[in-house]
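Visitor: Sharing input_11.txt (compact mmCIF, C-alpha atoms and all ligand atoms) below.
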```txt
# COMPACT_ATOMS: atom_id res chain seq x y z
CA MET A 1 -16.70 -3.77 3.17
CA GLN A 2 -15.06 -7.16 3.19
CA LEU A 3 -12.15 -9.13 1.82
CA THR A 4 -13.71 -12.27 0.37
CA ALA A 5 -10.56 -13.98 -0.91
CA LEU A 6 -6.79 -13.53 -0.70
CA SER A 7 -4.01 -15.14 -2.75
CA ILE A 8 -0.40 -14.88 -1.68
CA LEU A 9 2.82 -15.90 -3.41
CA ASN A 10 6.22 -15.48 -1.74
CA TYR A 11 5.22 -12.75 0.71
CA LYS A 12 7.72 -12.88 3.59
CA ASN A 13 7.60 -16.47 4.95
CA LEU A 14 4.29 -17.27 3.17
CA THR A 15 5.15 -19.28 0.06
CA GLN A 16 1.64 -19.80 -1.22
CA ALA A 17 -1.87 -19.38 0.16
CA ASP A 18 -5.34 -19.18 -1.38
CA LEU A 19 -7.84 -18.27 1.29
CA SER A 20 -11.50 -17.35 1.49
CA PHE A 21 -12.86 -15.52 4.50
CA SER A 22 -15.83 -15.13 6.78
CA SER A 23 -17.63 -11.80 6.54
CA LYS A 24 -17.30 -11.38 10.32
CA ILE A 25 -14.46 -12.91 12.36
CA ASN A 26 -11.37 -14.66 10.98
CA CYS A 27 -8.72 -16.06 13.33
CA PHE A 28 -5.15 -16.90 12.43
CA ILE A 29 -3.82 -19.37 15.01
CA GLY A 30 -0.22 -20.53 15.33
CA ASN A 31 2.94 -20.47 17.40
CA ASN A 32 5.36 -17.55 17.54
CA GLY A 33 7.12 -16.65 14.32
CA MET A 34 4.91 -18.84 12.10
CA GLY A 35 3.51 -16.10 9.83
CA LYS A 36 0.27 -14.84 11.46
CA THR A 37 1.34 -11.19 11.45
CA ASN A 38 2.65 -11.63 7.91
CA LEU A 39 -0.88 -12.61 6.85
CA LEU A 40 -2.31 -9.45 8.42
CA ASP A 41 0.48 -7.49 6.79
CA ALA A 42 -0.45 -8.89 3.36
CA ILE A 43 -4.02 -7.63 3.91
CA TYR A 44 -2.68 -4.27 5.11
CA TYR A 45 -0.49 -4.04 2.00
CA LEU A 46 -3.48 -4.27 -0.33
CA SER A 47 -5.05 -1.23 1.37
CA PHE A 48 -1.95 0.95 1.81
CA CYS A 49 0.36 -0.21 -1.02
CA LYS A 50 3.06 -0.89 1.56
CA SER A 51 3.92 -3.16 4.46
CA PHE A 52 2.97 -2.27 7.99
CA THR A 53 6.09 -3.82 9.47
CA ASN A 54 8.82 -3.39 6.87
CA PRO A 55 9.09 -0.23 4.75
CA VAL A 56 11.85 -1.73 2.56
CA ASP A 57 9.73 -3.34 -0.14
CA MET A 58 12.33 -5.82 -1.37
CA GLN A 59 12.71 -7.29 2.11
CA ASN A 60 9.08 -8.42 1.93
CA VAL A 61 9.87 -10.79 -0.93
CA LYS A 62 10.41 -14.28 0.46
CA HIS A 63 14.11 -15.03 1.03
CA ASP A 64 15.51 -16.80 -2.06
CA ALA A 65 12.47 -15.86 -4.21
CA ASP A 66 12.45 -13.32 -7.02
CA PHE A 67 9.04 -11.73 -6.60
CA PHE A 68 5.89 -11.57 -4.52
CA VAL A 69 2.26 -11.37 -5.62
CA LEU A 70 -0.75 -10.41 -3.50
CA GLN A 71 -4.30 -10.52 -4.81
CA GLY A 72 -7.43 -9.60 -2.94
CA HIS A 73 -11.10 -9.82 -3.90
CA TYR A 74 -13.31 -7.37 -2.10
CA GLN A 75 -16.96 -6.66 -1.73
CA ARG A 76 -17.12 -2.89 -1.48
CA GLY A 77 -20.58 -1.39 -1.24
CA ASN A 78 -22.47 -3.08 -4.06
CA SER A 79 -19.48 -3.84 -6.24
CA ASP A 80 -16.78 -6.49 -6.45
CA GLU A 81 -13.23 -5.20 -6.68
CA ALA A 82 -10.01 -7.05 -7.51
CA VAL A 83 -6.75 -5.61 -6.24
CA TYR A 84 -3.37 -6.89 -7.45
CA CYS A 85 0.12 -6.11 -6.24
CA GLY A 86 3.22 -7.62 -7.81
CA LEU A 87 6.82 -6.84 -6.95
CA LYS A 88 9.77 -8.30 -8.79
CA ARG A 89 13.35 -7.70 -7.71
CA ARG A 90 14.89 -4.72 -9.56
CA GLN A 91 11.55 -3.78 -11.12
CA LYS A 92 8.89 -1.20 -10.36
CA LYS A 93 6.01 -2.35 -8.17
CA GLN A 94 2.77 -3.00 -10.05
CA PHE A 95 -0.44 -2.09 -8.29
CA LYS A 96 -3.74 -2.66 -10.08
CA LEU A 97 -7.41 -2.20 -9.43
CA ASN A 98 -9.58 -4.44 -11.62
CA LYS A 99 -6.59 -5.11 -13.91
CA LYS A 100 -5.90 -1.41 -14.47
CA GLU A 101 -2.60 -0.15 -13.14
CA TYR A 102 -2.61 2.93 -10.90
CA GLU A 103 -0.64 5.89 -12.19
CA ARG A 104 -0.06 7.05 -8.64
CA LEU A 105 -0.20 4.74 -5.62
CA SER A 106 -1.63 7.59 -3.55
CA ASP A 107 -4.83 7.31 -5.64
CA HIS A 108 -5.47 3.92 -4.02
CA ILE A 109 -5.10 5.12 -0.40
CA GLY A 110 -8.51 5.24 1.23
CA PHE A 111 -10.22 3.05 -1.37
CA LEU A 112 -10.16 0.05 0.99
CA PRO A 113 -10.37 1.57 4.49
CA LEU A 114 -8.58 -0.50 7.09
CA VAL A 115 -7.45 -0.14 10.69
CA ILE A 116 -4.77 -2.26 12.34
CA ILE A 117 -4.22 -2.60 16.08
CA SER A 118 -0.87 -4.18 16.86
CA PRO A 119 1.94 -4.21 19.43
CA ALA A 120 3.75 -1.65 17.26
CA ASP A 121 1.13 0.95 18.31
CA GLY A 122 3.04 1.26 21.59
CA ALA A 123 5.38 3.60 19.69
CA LEU A 124 2.57 6.18 19.60
CA ILE A 125 3.04 6.65 23.33
CA SER A 126 6.70 5.78 23.85
CA GLU A 127 8.39 7.28 20.78
CA GLY A 128 8.90 10.78 19.39
CA SER A 129 6.35 13.13 17.84
CA ASP A 130 6.85 11.81 14.29
CA GLU A 131 4.96 8.62 15.27
CA ARG A 132 1.95 10.69 16.37
CA ARG A 133 2.07 12.86 13.26
CA ARG A 134 2.18 9.69 11.15
CA PHE A 135 -0.94 8.48 12.96
CA ILE A 136 -2.88 11.72 12.31
CA ASP A 137 -1.68 11.79 8.71
CA SER A 138 -2.65 8.20 8.01
CA VAL A 139 -6.19 8.74 9.33
CA ILE A 140 -6.82 12.00 7.47
CA SER A 141 -5.18 10.80 4.23
CA GLN A 142 -7.58 7.90 4.02
CA TYR A 143 -10.57 10.20 3.52
CA ASN A 144 -9.09 13.52 2.40
CA LYS A 145 -7.17 13.38 -0.91
CA ARG A 146 -6.19 17.04 -0.83
CA TYR A 147 -4.53 16.54 2.55
CA LEU A 148 -2.27 13.82 1.18
CA ASN A 149 -1.31 16.04 -1.75
CA GLU A 150 -0.58 19.02 0.53
CA LEU A 151 1.60 16.77 2.72
CA ILE A 152 3.60 15.69 -0.34
CA ARG A 153 3.92 19.34 -1.41
CA TYR A 154 4.95 20.43 2.10
CA ASN A 155 7.62 17.74 2.41
CA LYS A 156 9.07 18.62 -0.96
CA ALA A 157 9.26 22.34 -0.11
CA LEU A 158 10.74 21.51 3.31
CA MET A 159 13.44 19.39 1.72
CA GLN A 160 14.28 22.21 -0.72
CA ARG A 161 14.50 24.80 2.06
CA ASN A 162 16.68 22.49 4.17
CA THR A 163 19.01 21.96 1.19
CA LEU A 164 19.28 25.75 0.79
CA LEU A 165 20.01 26.18 4.50
CA LYS A 166 22.88 23.70 4.33
CA GLY A 167 24.39 25.14 1.13
CA ASP A 168 26.55 28.21 0.44
CA MET A 169 24.11 30.01 -1.86
CA HIS A 170 21.78 32.30 0.05
CA ASP A 171 19.55 33.83 -2.60
CA GLU A 172 16.68 35.36 -0.63
CA MET A 173 14.34 35.09 -3.62
CA VAL A 174 14.77 31.32 -3.76
CA TYR A 175 13.92 31.19 -0.05
CA ASP A 176 10.79 33.23 -0.78
CA ILE A 177 9.63 30.71 -3.38
CA TRP A 178 9.96 27.65 -1.16
CA GLU A 179 8.63 29.41 1.93
CA GLU A 180 5.55 30.49 0.00
CA GLN A 181 4.90 26.81 -0.86
CA LEU A 182 5.62 25.70 2.69
CA ALA A 183 3.29 28.32 4.12
CA GLU A 184 0.39 27.48 1.80
CA ALA A 185 0.62 23.74 2.37
CA GLY A 186 1.45 24.16 6.09
CA VAL A 187 -1.57 26.32 6.88
CA TYR A 188 -3.87 23.82 5.18
CA ILE A 189 -2.25 20.93 7.08
CA PHE A 190 -2.54 22.81 10.40
CA GLU A 191 -6.20 23.71 9.91
CA THR A 192 -7.13 20.21 8.78
CA ARG A 193 -5.30 18.58 11.71
CA LYS A 194 -6.93 20.99 14.17
CA ALA A 195 -10.44 20.30 12.86
CA PHE A 196 -9.71 16.57 12.83
CA VAL A 197 -8.49 16.47 16.46
CA ASP A 198 -11.50 18.49 17.67
CA GLU A 199 -13.85 15.98 16.11
CA PHE A 200 -11.74 12.98 17.07
CA ILE A 201 -11.45 13.65 20.84
CA PRO A 202 -15.06 12.92 21.89
CA ILE A 203 -15.15 9.72 19.81
CA PHE A 204 -11.88 8.59 21.39
CA GLN A 205 -13.09 9.40 24.91
CA SER A 206 -16.34 7.52 24.46
CA ARG A 207 -14.49 4.42 23.24
CA PHE A 208 -12.08 4.63 26.18
CA ASN A 209 -14.94 5.04 28.65
CA PHE A 210 -16.62 1.96 27.25
CA ILE A 211 -13.52 -0.27 27.38
CA THR A 212 -12.53 0.83 30.89
CA ASP A 213 -16.07 1.09 32.27
CA GLU A 214 -15.41 4.80 32.94
CA ASN A 215 -12.67 4.08 35.45
CA GLU A 216 -10.19 6.64 34.17
CA ARG A 217 -10.12 10.02 32.43
CA VAL A 218 -8.15 10.61 29.23
CA SER A 219 -7.61 13.41 26.75
CA ILE A 220 -5.57 14.47 23.75
CA ARG A 221 -4.23 17.93 22.89
CA TYR A 222 -3.02 19.07 19.50
CA GLN A 223 0.18 21.12 19.75
CA SER A 224 1.39 23.22 16.83
CA GLN A 225 3.64 26.27 16.50
CA LEU A 226 1.19 27.53 13.88
CA ALA A 227 -1.51 27.99 16.51
CA GLU A 228 0.08 31.26 17.67
CA ARG A 229 2.15 32.44 14.73
CA ASN A 230 1.87 33.58 11.15
CA PHE A 231 3.76 30.74 9.49
CA LYS A 232 5.17 32.65 6.55
CA GLU A 233 6.52 35.45 8.74
CA SER A 234 8.01 32.92 11.17
CA LEU A 235 9.83 31.20 8.33
CA GLN A 236 11.30 34.50 7.16
CA ARG A 237 12.29 35.51 10.68
CA SER A 238 13.95 32.16 11.42
CA ARG A 239 16.19 32.08 8.31
CA GLU A 240 19.34 33.20 10.14
CA ARG A 241 18.90 30.79 13.03
CA ASP A 242 17.91 27.94 10.68
CA ARG A 243 21.06 28.54 8.59
CA ILE A 244 23.22 28.10 11.68
CA LEU A 245 21.36 24.93 12.66
CA GLY A 246 21.06 23.62 9.09
CA TYR A 247 17.37 22.75 9.21
CA THR A 248 13.90 24.32 9.38
CA THR A 249 12.89 24.84 13.00
CA VAL A 250 9.32 26.01 12.52
CA GLY A 251 6.39 24.30 10.82
CA THR A 252 3.83 21.52 10.96
CA HIS A 253 6.66 18.95 10.83
CA LYS A 254 7.12 19.87 14.52
CA ASP A 255 3.45 19.26 15.51
CA ASP A 256 2.62 16.82 18.28
CA LEU A 257 -0.30 15.25 20.10
CA GLU A 258 -0.17 15.41 23.86
CA MET A 259 -1.74 12.30 25.38
CA LEU A 260 -3.00 12.56 28.94
CA LEU A 261 -4.17 10.10 31.55
CA GLY A 262 -5.90 12.20 34.19
CA ASP A 263 -3.75 15.36 34.29
CA TYR A 264 -0.45 13.68 33.43
CA PRO A 265 1.26 12.48 30.24
CA ILE A 266 0.34 8.82 29.81
CA LYS A 267 3.94 8.16 28.74
CA ARG A 268 5.05 8.90 32.32
CA VAL A 269 2.20 7.48 34.41
CA GLY A 270 0.38 4.80 32.38
CA SER A 271 0.54 1.11 33.33
CA GLN A 272 0.94 -1.38 30.46
CA GLY A 273 -2.78 -2.17 30.53
CA GLN A 274 -3.75 1.51 30.69
CA ASN A 275 -1.46 2.28 27.77
CA LYS A 276 -2.95 -0.55 25.78
CA SER A 277 -6.53 0.56 26.55
CA PHE A 278 -5.57 4.09 25.46
CA LEU A 279 -4.09 2.81 22.20
CA VAL A 280 -6.99 0.47 21.42
CA SER A 281 -9.40 3.39 22.02
CA LEU A 282 -7.38 5.61 19.68
CA LYS A 283 -7.59 2.97 16.99
CA PHE A 284 -11.31 2.35 17.53
CA ALA A 285 -11.88 6.08 17.24
CA GLN A 286 -9.87 6.01 14.02
CA PHE A 287 -12.18 3.22 12.87
CA ASP A 288 -15.33 5.24 13.67
CA PHE A 289 -13.90 8.29 12.01
CA LEU A 290 -13.02 6.48 8.78
CA LYS A 291 -16.37 4.79 8.72
CA ARG A 292 -18.18 8.11 8.94
CA ALA A 293 -15.92 9.82 6.44
CA SER A 294 -15.90 7.05 3.80
CA ASP A 295 -19.37 5.59 4.32
CA LEU A 296 -17.74 2.15 4.31
CA THR A 297 -17.12 -0.12 7.30
CA PRO A 298 -13.32 -0.53 7.45
CA ILE A 299 -11.65 -3.91 7.80
CA LEU A 300 -10.18 -4.36 11.30
CA LEU A 301 -6.91 -6.23 11.92
CA LEU A 302 -6.20 -7.19 15.54
CA ASP A 303 -2.66 -8.46 16.06
CA ASP A 304 -1.91 -9.91 19.48
CA ILE A 305 -4.51 -7.63 21.03
CA PHE A 306 -5.33 -9.37 24.31
CA ASP A 307 -1.88 -9.28 25.87
CA LYS A 308 -1.68 -7.05 29.04
CA LEU A 309 -5.44 -6.42 29.25
CA ASP A 310 -7.54 -7.73 32.14
CA ALA A 311 -10.47 -10.09 31.49
CA ASN A 312 -13.09 -7.31 31.83
CA ARG A 313 -11.44 -5.14 29.22
CA VAL A 314 -10.94 -8.06 26.84
CA SER A 315 -14.58 -9.02 27.09
CA ARG A 316 -15.72 -5.41 26.55
CA ILE A 317 -13.50 -5.09 23.48
CA LEU A 318 -14.82 -8.33 22.03
CA SER A 319 -18.43 -7.41 22.66
CA LEU A 320 -17.75 -4.13 20.87
CA VAL A 321 -16.05 -5.53 17.75
CA SER A 322 -18.52 -8.38 17.37
CA GLY A 323 -21.41 -5.88 17.33
CA ASP A 324 -23.04 -4.36 14.26
CA SER A 325 -20.98 -1.18 14.24
CA PHE A 326 -17.91 -3.21 13.27
CA GLY A 327 -17.59 -5.33 10.13
CA GLN A 328 -15.03 -7.90 9.06
CA ILE A 329 -12.26 -8.68 11.53
CA PHE A 330 -8.96 -10.60 11.37
CA ILE A 331 -7.45 -11.68 14.69
CA THR A 332 -4.19 -13.45 15.51
CA ASP A 333 -3.63 -15.59 18.57
CA THR A 334 -1.24 -18.34 19.63
CA ASN A 335 -3.82 -20.47 21.40
CA ARG A 336 -6.95 -21.92 19.79
CA GLU A 337 -8.64 -22.80 23.07
CA HIS A 338 -8.04 -19.33 24.48
CA ILE A 339 -9.56 -17.51 21.52
CA ASP A 340 -12.34 -20.10 21.08
CA HIS A 341 -13.39 -19.49 24.65
CA LEU A 342 -13.30 -15.70 24.28
CA LEU A 343 -15.20 -15.66 21.02
CA SER A 344 -17.85 -18.22 21.98
CA GLU A 345 -19.47 -15.52 24.15
CA THR A 346 -19.95 -13.23 21.15
CA GLY A 347 -22.11 -15.71 19.19
CA CYS A 348 -20.46 -14.52 15.95
CA GLU A 349 -19.57 -16.57 12.89
CA VAL A 350 -15.85 -17.38 13.21
CA LYS A 351 -13.51 -18.97 10.66
CA PHE A 352 -10.19 -20.41 11.88
CA PHE A 353 -6.91 -20.77 10.01
CA PHE A 354 -3.83 -22.59 11.26
CA VAL A 355 -0.48 -21.04 10.40
CA ASP A 356 2.59 -23.24 10.59
CA ASN A 357 5.97 -22.17 9.19
CA GLY A 358 4.36 -20.07 6.48
CA GLU A 359 1.79 -22.73 5.48
CA VAL A 360 -1.85 -21.76 6.05
CA THR A 361 -4.61 -24.36 6.53
CA THR A 362 -8.32 -23.62 6.87
CA LEU A 363 -9.69 -25.40 9.94
N1 LIG B 401 11.30 -11.82 3.48
C1 LIG B 401 11.13 -12.87 4.27
N2 LIG B 401 11.35 -14.14 3.81
C2 LIG B 401 11.17 -15.21 4.60
N3 LIG B 401 10.78 -15.14 5.87
C3 LIG B 401 10.55 -13.92 6.39
C4 LIG B 401 10.71 -12.73 5.63
N4 LIG B 401 10.39 -11.68 6.41
C5 LIG B 401 10.05 -12.18 7.61
N5 LIG B 401 10.14 -13.52 7.61
C6 LIG B 401 9.89 -14.46 8.72
O1 LIG B 401 8.55 -14.35 9.17
C7 LIG B 401 8.52 -14.83 10.50
C8 LIG B 401 7.70 -13.93 11.38
O2 LIG B 401 6.39 -14.09 11.04
P1 LIG B 401 5.25 -13.32 11.85
O3 LIG B 401 5.75 -12.02 12.35
O4 LIG B 401 4.08 -13.32 10.95
O5 LIG B 401 5.06 -14.31 13.08
P2 LIG B 401 3.80 -14.50 14.02
O6 LIG B 401 3.17 -15.81 13.69
O7 LIG B 401 2.93 -13.30 13.98
O8 LIG B 401 4.54 -14.62 15.42
P3 LIG B 401 4.22 -14.02 16.87
O9 LIG B 401 3.17 -14.92 17.48
O10 LIG B 401 5.54 -14.21 17.55
O11 LIG B 401 3.83 -12.59 16.73
C9 LIG B 401 9.93 -14.86 11.02
O12 LIG B 401 10.32 -16.21 11.16
C10 LIG B 401 10.72 -14.17 9.94
O13 LIG B 401 12.02 -14.68 9.80
```
For this file, produce the structure as structure tokens.
Guide:
Amino acid sequence: MQLTALSILNYKNLTQADLSFSSKINCFIGNNGMGKTNLLDAIYYLSFCKSFTNPVDMQNVKHDADFFVLQGHYQRGNSDEAVYCGLKRRQKKQFKLNKKEYERLSDHIGFLPLVIISPADGALISEGSDERRRFIDSVISQYNKRYLNELIRYNKALMQRNTLLKGDMHDEMVYDIWEEQLAEAGVYIFETRKAFVDEFIPIFQSRFNFITDENERVSIRYQSQLAERNFKESLQRSRERDRILGYTTVGTHKDDLEMLLGDYPIKRVGSQGQNKSFLVSLKFAQFDFLKRASDLTPILLLDDIFDKLDANRVSRILSLVSGDSFGQIFITDTNREHIDHLLSETGCEVKFFFVDNGEVTTL
């Protein structure tokens, strides 16, 4: 799959751009703060109906402007697809596929598979478990529609139960209703996550072995309270305690992924380069997984990827992404000579764009 053309109006610091792309490697070059990541974010937006960096939609409209528009033309399998997103201040976002507006944005998720590798991935290692759950959820939701719907259902039931716990009314029958919903959705989420992690681990390990030339050993473990308990019974049993605490203490919203380097949590022992190799391998495994599940080669966005990695690892990563198993790629870098030198070894077709204060020029 590939993005053939992109039009941008008033997205963050990008006032206007009309760009056409190479089917293989596209490089956005420019100094810090010029708008390179914003370009990647615009591409991300057209796949996920939201920004990668800023969840507050209105803040993605250019300062002093009233609206933003993003339009992408894609070659997807044998068909051409046009995706439109328009957001006007104080109005509902419009998201269209081939001029037809989506009734639900979630229907679009997964249609244009995409993986981004960026400095923000560091949060997967350094931050709390919600980052890791978000990662699992975003991978599975791109190829499993039911999963996304069960997540929405689970979160709604969880919110209702938490509201009950905080209130003064303790009607046990109302608890039963929401716990039934939580249990049904939760068991599906648990089983899907478990099956996903089992399949994901070997792909992740093989990518890591390739990038590091088999120098280190890594693994991932899925941790869930549901592995050892009947969820519905646990919810019933925990009502009293949950009332005192004011929130639901058991469920898939507490799941985590344990990430290990050798026998230790990578969070405690990993160097910056080891962490980055771990994260890049996770994302490459996500890429492989989506590709298999959707039968489409996802678009790959690489934001500031080479920082902290040694020359061997950089060259292995580039040889991997320039190969046939990867498709269209968008890379950002601050230095044209640096990236030119790195990419010349791949022999791939490369198109360069210069980004300067929100203005984009094709080189
Ligand atoms: N809504 C907005 N309106 C105008 N400018 C914005 C808006 N949101 C973000 N920006 C600006 O976008 C710029 C950041 O752009 P971006 O993150 O794309 O930089 P970059 O070229 O990737 O830089 P780096 O090399 O440092 O990563 C900042 O100057 C920021 O003020």
Visitor: What does the distance from atom CA of Asp64 of chain A to atom CA of Leu40 of chain A come to in Å, to one decimal?
Guide: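 Atom CA of Leu40 of chain A lies at a distance of 21.9 Å from atom CA of Asp64 of chain A.
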Visitor: How big is the axis-aligned box around all listed atoms of ligand LIG 401 (chain B) once 3 Å goes on each side, and where's its centre, in Å to one decimal, as JSON?
Guide:
```
{"center_x": 7.5, "center_y": -13.9, "center_z": 10.5, "size_x": 15.1, "size_y": 10.5, "size_z": 20.1}
```
Visitor: Counting only C-alpha atoms, which residues sit no farther than 8 Å from the position (-14.1, 7.8, 4.5) in the file's frame? I'd like them as a ChimeraX atom specification.
Guide: /A:110,113,142-144,289-296
Visitor: Report as a tab-separated table the residues of chain A within 7 Å of ligand LIG 401 (chain B), each with its shortest atom pair and distance in Å (one decimal), using all atoms listed in the file, ordered by chain and increasing residue number.
Guide:
```
residue	atom	partner	partner_atom	distance
A:Tyr11	CA	B:LIG401	N1	6.7
A:Lys12	CA	B:LIG401	C1	3.5
A:Asn13	CA	B:LIG401	N3	3.6
A:Gly30	CA	B:LIG401	O6	6.0
A:Asn31	CA	B:LIG401	O9	5.6
A:Asn32	CA	B:LIG401	O10	3.3
A:Gly33	CA	B:LIG401	O5	3.4
A:Met34	CA	B:LIG401	O6	3.8
A:Gly35	CA	B:LIG401	O4	3.1
A:Lys36	CA	B:LIG401	O6	3.8
A:Thr37	CA	B:LIG401	O4	3.5
A:Asn38	CA	B:LIG401	O4	3.8
A:Leu39	CA	B:LIG401	O4	6.5
A:Gln59	CA	B:LIG401	N1	4.9
A:Asn60	CA	B:LIG401	N1	4.3
A:Val61	CA	B:LIG401	N1	4.7
A:Lys62	CA	B:LIG401	N2	3.5
A:His63	CA	B:LIG401	N2	4.0
A:Asp304	CA	B:LIG401	O11	6.9
A:Asp333	CA	B:LIG401	O9	6.9
A:Thr334	CA	B:LIG401	O9	6.0
```
Visitor: For a cutoff of 8 Å around the file-coordinate point (-0.1, -5.1, 14.5), which residues qualify once you count only C-alpha atoms? I'd like the result as a list in words.
Guide: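 Looking at atoms near the point gives Thr37, Leu40, Phe52, Ile116, Ile117, Ser118, Pro119, Ala120, Asp121, Leu301, Leu302, Asp303 and Asp304 of chain A.
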Visitor: Could you check the closest approach to Asn312 of chain A for each of A:Leu6, A:Ile211, A:Leu363, A:Met1 and tell me which residue wins, using all atoms listed in the file?
Guide: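 Among the listed residues, A:Ile211 lies closest to Asn312 of chain A.
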Visitor: Which residue is closest to Glu214 of chain A? Choose from A:Leu105, A:Glu127, A:Val115, A:Ser277 and count all atoms listed in the file.
Guide: A:Ser277
Visitor: Identify, on the basis of all atoms listed in the file, every residue whose closest approach to segment 313-329 of chain A does not exceed 9 Å; exclude the query and any residue fewer than 3 positions from it along the same chain; express the result as a ChimeraX atom specification.
Guide: /A:1-3,22-27,210-213,277,280,287-288,297-302,305-306,309-310,342-343,345-348
Visitor: Record the distance separating atom CA of Asp356 of chain A and atom CA of Phe28 of chain A, expressed in Å with one decimal.
Guide: 10.2 Å
Visitor: Quick one: distance from atom CA of Glu81 of chain A to atom CA of Asn98 of chain A in Å, one decimal?
Guide: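 Atom-to-atom, atom CA of Glu81 of chain A to atom CA of Asn98 of chain A, that is 6.2 Å.
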Visitor: Which one is closest to Leu87 of chain A: A:Asn275, A:Asn10, A:Ser47, A:Gln75? Count only C-alpha atoms.
Guide: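 Checking each of A:Asn275, A:Asn10, A:Ser47, A:Gln75 against Leu87 of chain A, counting only C-alpha atoms, the winner is A:Asn10.
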Visitor: What lies within 7 Å of Ala183 of chain A using all atoms listed in the file, ignoring chain neighbours under 3 positions off, as a ChimeraX atom specification?
Guide: /A:179-180,186-187,231-232
Visitor: Within 6 Å of segment 220-226 of chain A, counting all atoms listed in the file, which residues qualify if same-chain residues fewer than 6 places away don't, as a PyMOL selection string?
Guide: chain A and resi 255-259
Visitor: Looking at all atoms listed in the file, which of A:Leu124, A:Asp57, A:Gly77, A:Ala285 is the one that sits closest to Lys93 of chain A?
Guide: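 When distances to Lys93 of chain A are compared using all atoms listed in the file, the smallest one comes from A:Asp57.
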Visitor: Compile the contact shell of Leu164 of chain A as a list in words: residues with an atom at most 10 Å away, counting only C-alpha atoms, same-chain residues fewer than 5 positions apart removed.
Guide: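 Non-adjacent residues within range: Leu158, Met159, Met169, His170, Asp171, Val174, Tyr175, Trp178, Arg243, Gly246 and Tyr247 of chain A.
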Visitor: Rank nothing, just name the residue among A:Glu191, A:Leu46, A:Ile140, A:Leu70 nearest to Leu14 of chain A, using all atoms listed in the file.
Guide: A:Leu70
Visitor: Restricting the calculation to all atoms listed in the file: of A:Glu349, A:Asp107, A:Asp18, A:Asp198, which residue gets closest to Thr362 of chain A?
Guide: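 Counting all atoms listed in the file, the residue closest to Thr362 of chain A is A:Asp18.
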Visitor: Excluding same-chain residues fewer than 6 positions from Leu261 of chain A, what lies within 7 Å of it counting all atoms listed in the file, as JSON, numbers by chain?
Guide: {"A": [217, 218, 219]}
Visitor: Would you kindly place N, CA and C atoms on segment 96-108 of chain A and return the model as a PDB file, keeping the file's coordinate frame?
Guide:
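So rebuild_21.pdb came out as:
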```pdb
ATOM      1  N   LYS A  96      -2.611  -2.781  -9.154  1.00  0.00           N
ATOM      2  CA  LYS A  96      -3.740  -2.660 -10.080  1.00  0.00           C
ATOM      3  C   LYS A  96      -5.076  -2.795  -9.383  1.00  0.00           C
ATOM      4  N   LEU A  97      -6.028  -2.029  -9.876  1.00  0.00           N
ATOM      5  CA  LEU A  97      -7.410  -2.200  -9.430  1.00  0.00           C
ATOM      6  C   LEU A  97      -8.205  -2.677 -10.654  1.00  0.00           C
ATOM      7  N   ASN A  98      -8.830  -3.835 -10.517  1.00  0.00           N
ATOM      8  CA  ASN A  98      -9.580  -4.440 -11.620  1.00  0.00           C
ATOM      9  C   ASN A  98      -8.752  -4.442 -12.917  1.00  0.00           C
ATOM     10  N   LYS A  99      -7.541  -4.928 -12.794  1.00  0.00           N
ATOM     11  CA  LYS A  99      -6.590  -5.110 -13.910  1.00  0.00           C
ATOM     12  C   LYS A  99      -6.020  -3.823 -14.482  1.00  0.00           C
ATOM     13  N   LYS A 100      -6.423  -2.678 -13.943  1.00  0.00           N
ATOM     14  CA  LYS A 100      -5.900  -1.410 -14.470  1.00  0.00           C
ATOM     15  C   LYS A 100      -4.860  -0.857 -13.501  1.00  0.00           C
ATOM     16  N   GLU A 101      -3.678  -0.594 -14.029  1.00  0.00           N
ATOM     17  CA  GLU A 101      -2.600  -0.150 -13.140  1.00  0.00           C
ATOM     18  C   GLU A 101      -2.796   1.302 -12.695  1.00  0.00           C
ATOM     19  N   TYR A 102      -2.530   1.556 -11.419  1.00  0.00           N
ATOM     20  CA  TYR A 102      -2.610   2.930 -10.900  1.00  0.00           C
ATOM     21  C   TYR A 102      -1.451   3.741 -11.455  1.00  0.00           C
ATOM     22  N   GLU A 103      -1.738   5.009 -11.802  1.00  0.00           N
ATOM     23  CA  GLU A 103      -0.640   5.890 -12.190  1.00  0.00           C
ATOM     24  C   GLU A 103       0.106   6.347 -10.946  1.00  0.00           C
ATOM     25  N   ARG A 104      -0.671   6.639  -9.913  1.00  0.00           N
ATOM     26  CA  ARG A 104      -0.060   7.050  -8.640  1.00  0.00           C
ATOM     27  C   ARG A 104      -0.614   6.184  -7.532  1.00  0.00           C
ATOM     28  N   LEU A 105       0.268   5.619  -6.707  1.00  0.00           N
ATOM     29  CA  LEU A 105      -0.200   4.740  -5.620  1.00  0.00           C
ATOM     30  C   LEU A 105      -1.099   5.508  -4.647  1.00  0.00           C
ATOM     31  N   SER A 106      -0.830   6.821  -4.504  1.00  0.00           N
ATOM     32  CA  SER A 106      -1.630   7.590  -3.550  1.00  0.00           C
ATOM     33  C   SER A 106      -3.117   7.615  -3.940  1.00  0.00           C
ATOM     34  N   ASP A 107      -3.421   7.357  -5.230  1.00  0.00           N
ATOM     35  CA  ASP A 107      -4.830   7.310  -5.640  1.00  0.00           C
ATOM     36  C   ASP A 107      -5.574   6.133  -5.004  1.00  0.00           C
ATOM     37  N   HIS A 108      -4.829   5.124  -4.590  1.00  0.00           N
ATOM     38  CA  HIS A 108      -5.470   3.920  -4.020  1.00  0.00           C
ATOM     39  C   HIS A 108      -5.757   4.105  -2.511  1.00  0.00           C
TER      40      HIS A 108
END
```
